[in-house]
$ cat coords_39.cif   # mmCIF, C-alpha atoms
data_final
loop_
_atom_site.label_atom_id
_atom_site.label_comp_id
_atom_site.auth_asym_id
_atom_site.auth_seq_id
_atom_site.Cartn_x
_atom_site.Cartn_y
_atom_site.Cartn_z
CA MET A 1 128.36 81.97 179.66
CA PRO A 2 126.38 80.82 182.73
CA MET A 3 125.84 77.09 183.21
CA THR A 4 122.22 76.00 183.26
CA ALA A 5 121.11 73.11 185.40
CA ARG A 6 120.58 69.89 183.46
CA TYR A 7 116.98 68.69 183.32
CA ARG A 8 116.23 65.94 185.84
CA VAL A 9 113.48 63.44 185.20
CA ASP A 10 110.91 63.42 188.00
CA LEU A 11 110.10 59.71 187.83
CA ASP A 12 107.66 59.83 190.77
CA GLY A 13 105.71 62.68 189.18
CA TYR A 14 105.76 61.05 185.74
CA MET A 15 104.47 57.73 187.09
CA ARG A 16 101.82 59.49 189.18
CA VAL A 17 100.41 61.05 185.99
CA CYS A 18 100.57 57.63 184.24
CA ASP A 19 98.62 56.06 187.11
CA GLN A 20 96.03 58.85 187.00
CA ASN A 21 95.70 58.42 183.23
CA TYR A 22 94.95 54.73 183.77
CA SER A 23 92.16 55.68 186.19
CA ARG A 24 90.82 58.30 183.78
CA LEU A 25 90.69 55.77 180.93
CA LEU A 26 88.79 53.28 183.10
CA LYS A 27 86.31 55.99 184.12
CA LEU A 28 85.73 56.75 180.44
CA ILE A 29 85.61 53.10 179.31
CA PRO A 30 85.15 50.65 182.22
CA ALA A 31 85.15 47.69 179.79
CA LEU A 32 88.93 48.14 179.47
CA GLU A 33 89.46 46.99 183.05
CA SER A 34 91.66 43.92 183.39
CA GLY A 35 89.76 40.70 183.95
CA ARG A 36 86.76 41.78 181.88
CA THR A 37 86.10 40.45 178.44
CA ALA A 38 87.72 43.17 176.40
CA PRO A 39 86.15 44.42 173.18
CA ASP A 40 87.72 43.17 169.97
CA SER A 41 90.61 45.05 168.41
CA GLY A 42 89.25 47.72 166.13
CA ALA A 43 86.55 48.81 168.60
CA SER A 44 86.32 52.55 169.15
CA TRP A 45 84.47 55.05 171.30
CA GLU A 46 83.78 58.75 170.72
CA PHE A 47 83.39 61.45 173.34
CA PRO A 48 81.95 64.88 172.46
CA ILE A 49 83.72 67.81 174.06
CA ALA A 50 81.37 70.27 175.76
CA ARG A 51 80.79 73.59 174.03
CA SER A 52 82.63 72.55 170.85
CA ALA A 53 82.12 70.46 167.74
CA MET A 54 85.22 68.46 168.61
CA ARG A 55 85.04 64.77 169.46
CA VAL A 56 87.76 62.63 171.00
CA ARG A 57 87.98 59.13 169.56
CA ILE A 58 89.58 56.25 171.45
CA SER A 59 90.34 53.22 169.29
CA LEU A 60 91.41 49.82 170.58
CA LEU A 61 94.52 48.70 168.69
CA GLU A 62 95.31 45.52 170.63
CA SER A 63 94.28 43.80 173.83
CA PHE A 64 96.11 41.13 175.80
CA PRO A 65 95.59 39.86 179.38
CA TYR A 66 98.03 42.35 180.90
CA THR A 67 98.20 45.16 178.34
CA THR A 68 95.88 47.16 176.11
CA THR A 69 97.02 49.60 173.43
CA LEU A 70 94.78 52.50 172.42
CA ARG A 71 94.94 55.30 169.86
CA ILE A 72 93.45 58.59 171.02
CA SER A 73 92.71 61.25 168.41
CA THR A 74 90.34 64.08 167.61
CA GLN A 75 87.54 63.79 165.12
CA ASN A 76 85.79 66.61 163.25
CA GLY A 77 85.56 70.00 164.83
CA PHE A 78 89.29 70.75 164.96
CA PRO A 79 89.26 74.58 164.96
CA GLU A 80 89.60 76.23 161.54
CA TRP A 81 92.46 78.45 162.71
CA HIS A 82 94.54 75.26 162.96
CA ALA A 83 94.29 74.81 159.17
CA GLY A 84 97.98 73.96 158.68
CA LEU A 85 98.26 71.67 161.69
CA THR A 86 97.35 68.03 162.09
CA SER A 87 95.03 66.80 164.81
CA PRO A 88 96.84 65.31 167.81
CA VAL A 89 97.21 61.52 167.94
CA VAL A 90 98.55 59.68 171.00
CA GLU A 91 99.01 55.93 171.34
CA VAL A 92 98.75 54.72 174.92
CA ARG A 93 99.63 51.38 176.46
CA MET A 94 97.66 50.39 179.55
CA TYR A 95 99.49 48.02 181.90
CA HIS A 96 96.72 46.34 183.89
CA ASP A 97 98.98 44.52 186.35
CA ALA A 98 100.62 47.83 187.34
CA ALA A 99 97.43 49.94 186.92
CA THR A 100 99.25 52.51 184.82
CA ALA A 101 98.95 53.94 181.29
CA GLU A 102 101.90 55.37 179.39
CA PRO A 103 101.96 57.24 176.09
CA VAL A 104 104.08 55.19 173.66
CA SER A 105 103.68 57.38 170.58
CA TYR A 106 102.80 60.99 169.81
CA GLN A 107 102.13 62.20 166.25
CA GLY A 108 103.80 59.03 164.98
CA HIS A 109 106.98 59.55 167.03
CA ARG A 110 107.86 56.44 169.04
CA ARG A 111 110.46 55.93 171.75
CA ILE A 112 110.46 59.52 172.93
CA PRO A 113 113.37 59.82 175.37
CA ALA A 114 112.70 60.78 178.99
CA ARG A 115 115.39 63.46 178.68
CA SER A 116 116.74 65.08 175.53
CA ASP A 117 119.71 67.33 174.98
CA VAL A 118 118.69 70.60 173.40
CA PRO A 119 119.10 71.15 170.51
CA ASN A 120 118.55 67.70 169.00
CA ALA A 121 117.80 66.28 165.56
CA ASP A 122 114.17 65.44 166.43
CA MET A 123 113.57 68.92 167.86
CA TYR A 124 112.27 67.47 171.14
CA HIS A 125 112.05 69.61 174.24
CA GLN A 126 114.30 68.43 177.03
CA ASP A 127 111.20 67.07 178.82
CA GLU A 128 109.17 66.00 175.75
CA LYS A 129 108.02 62.68 177.25
CA ARG A 130 106.68 64.43 180.39
CA GLN A 131 104.87 67.00 178.25
CA VAL A 132 103.18 64.32 176.12
CA ASN A 133 102.08 62.51 179.29
CA GLU A 134 100.63 65.70 180.80
CA PHE A 135 98.92 66.56 177.49
CA LEU A 136 97.27 63.13 177.58
CA ALA A 137 96.16 63.78 181.17
CA GLU A 138 94.56 67.10 180.19
CA TRP A 139 92.87 65.55 177.17
CA LEU A 140 91.36 62.70 179.19
CA GLN A 141 90.30 65.12 181.92
CA LEU A 142 88.56 67.25 179.27
CA CYS A 143 86.56 64.18 178.24
CA LEU A 144 85.62 63.50 181.86
CA VAL A 145 84.53 67.06 182.67
CA SER A 146 82.38 67.05 179.55
CA GLY A 147 80.30 64.53 181.50
CA VAL A 148 80.50 61.72 179.01
CA GLY A 149 81.52 58.18 179.79
CA ILE A 150 80.60 54.68 178.83
CA ARG A 151 78.64 52.88 181.53
CA SER A 152 80.12 49.53 182.51
CA SER A 153 77.16 47.67 181.02
CA ASP A 154 77.55 49.55 177.75
CA ILE A 155 80.06 48.50 175.18
CA LEU A 156 79.38 51.19 172.64
CA CYS A 157 81.52 50.57 169.64
CA ILE A 158 81.46 52.34 166.37
CA ASP A 159 82.97 50.62 163.34
#
$ encode --input "coords_39.cif" --output "C-alpha cells"
Amino acid sequence: MPMTARYRVDLDGYMRVCDQNYSRLLKLIPALESGRTAPDSGASWEFPIARSAMRVRISLLESFPYTTTLRISTQNGFPEWHAGLTSPVVEVRMYHDAATAEPVSYQGHRRIPARSDVPNADMYHQDEKRQVNEFLAEWLQLCLVSGVGIRSSDILCID
C-alpha cells in the first residue's frame, strides 16, 4: 500500500485568508472597526445576494475593545433543492489589534482542528479548518460583489 504524504498546515496561507476576511468584514460594515463606538450586541445587518432571493445576515454576538464576535448565516431564499440541508452558519471572531478574523464555529462545531487524521469521529476533512476559512472568504466576497455595504455613517441595524 503506497504511503500518502501527511497534510501540512499552510499557516501563512491560512492567516492571509483570515486577514483578508477582516478587511472584507470592515468593507461590509465599517462600524466594526476598532476604536469606533461599536453597535450593541444583538445588532444585525442583512445583505441581499445579486440575482437570488438569498440574504446573508451578520449578527453581532459580542463586542469588546480588542475583539468582536459575529454570526454569519443565510436568511430566506436558500434554494429549494437543498430541502434536507440546513443553511450555513459561521461564527467569526475579529481580532482588532491583529487585524484578522478567524472562524471559531461552523454549523455549531467549535474547536475545529487545523489538521485531522482521516477517518475521524467528527468526520472532518484533514484540512477542515482551512476549508471553513476559505468558505467564509467566498461568502464575504459574494456579499461584496453584490455591491452592497453599509456606509460608515450608517449603522443599519435590524432587530
$ resolve_selection --input "coords_39.cif" --expression "the PyMOL selection byres ((chain A and resi 58) around 8)" --output "list in words"
Ser44, Trp45, Glu46, Val56, Arg57, Ser59, Leu60, Leu70, Arg71, Ile72 and Ser73 of chain A
$ resolve_selection --input "coords_39.cif" --expression "the PyMOL selection byres ((chain A and resi 11) around 12)" --output "PDB file with C-alpha atoms, keeping the file's coordinate frame"
ATOM      1  CA  ARG A   8     116.230  65.940 185.840  1.00  0.00           C
ATOM      2  CA  VAL A   9     113.480  63.440 185.200  1.00  0.00           C
ATOM      3  CA  ASP A  10     110.910  63.420 188.000  1.00  0.00           C
ATOM      4  CA  ASP A  12     107.660  59.830 190.770  1.00  0.00           C
ATOM      5  CA  GLY A  13     105.710  62.680 189.180  1.00  0.00           C
ATOM      6  CA  TYR A  14     105.760  61.050 185.740  1.00  0.00           C
ATOM      7  CA  MET A  15     104.470  57.730 187.090  1.00  0.00           C
ATOM      8  CA  ARG A  16     101.820  59.490 189.180  1.00  0.00           C
ATOM      9  CA  VAL A  17     100.410  61.050 185.990  1.00  0.00           C
ATOM     10  CA  CYS A  18     100.570  57.630 184.240  1.00  0.00           C
ATOM     11  CA  ALA A 114     112.700  60.780 178.990  1.00  0.00           C
ATOM     12  CA  ARG A 115     115.390  63.460 178.680  1.00  0.00           C
ATOM     13  CA  ASP A 127     111.200  67.070 178.820  1.00  0.00           C
ATOM     14  CA  LYS A 129     108.020  62.680 177.250  1.00  0.00           C
ATOM     15  CA  ARG A 130     106.680  64.430 180.390  1.00  0.00           C
TER      16      ARG A 130
END
$ residues_around --input "coords_39.cif" --residues "Gln107 of chain A" --least-positions-apart "5" --cutoff "10 Å" --atoms "all atoms listed in the file" --output "PyMOL selection string"
chain A and resi 73+86-91
$ resolve_selection --input "coords_39.cif" --expression "the PyMOL selection byres ((chain A and resi 103) around 7)" --output "NGL selection string"
:A and (90-93 or 101-102 or 104-105 or 133)
$ closest_residue --input "coords_39.cif" --among "A:Arg110, A:Leu144, A:Thr100, A:Ile49" --to "Asn21 of chain A" --atoms "all atoms listed in the file"
A:Thr100
$ closest_residue --input "coords_39.cif" --among "A:Ser52, A:Pro39, A:Leu61, A:Ser23" --to "Thr74 of chain A" --atoms "only C-alpha atoms"
A:Ser52
$ atom_distance --input "coords_39.cif" --atom1 "atom CA of Asp40 of chain A" --atom2 "atom CA of Phe64 of chain A"
10.4 Å
$ atom_distance --input "coords_39.cif" --atom1 "atom CA of Trp139 of chain A" --atom2 "atom CA of Leu26 of chain A"
14.2 Å
$ atom_distance --input "coords_39.cif" --atom1 "atom CA of Pro65 of chain A" --atom2 "atom CA of Asp19 of chain A"
18.2 Å
$ closest_residue --input "coords_39.cif" --among "A:Phe47, A:Tyr22, A:Tyr95, A:Tyr106" --to "Val145 of chain A" --atoms "all atoms listed in the file"
A:Phe47
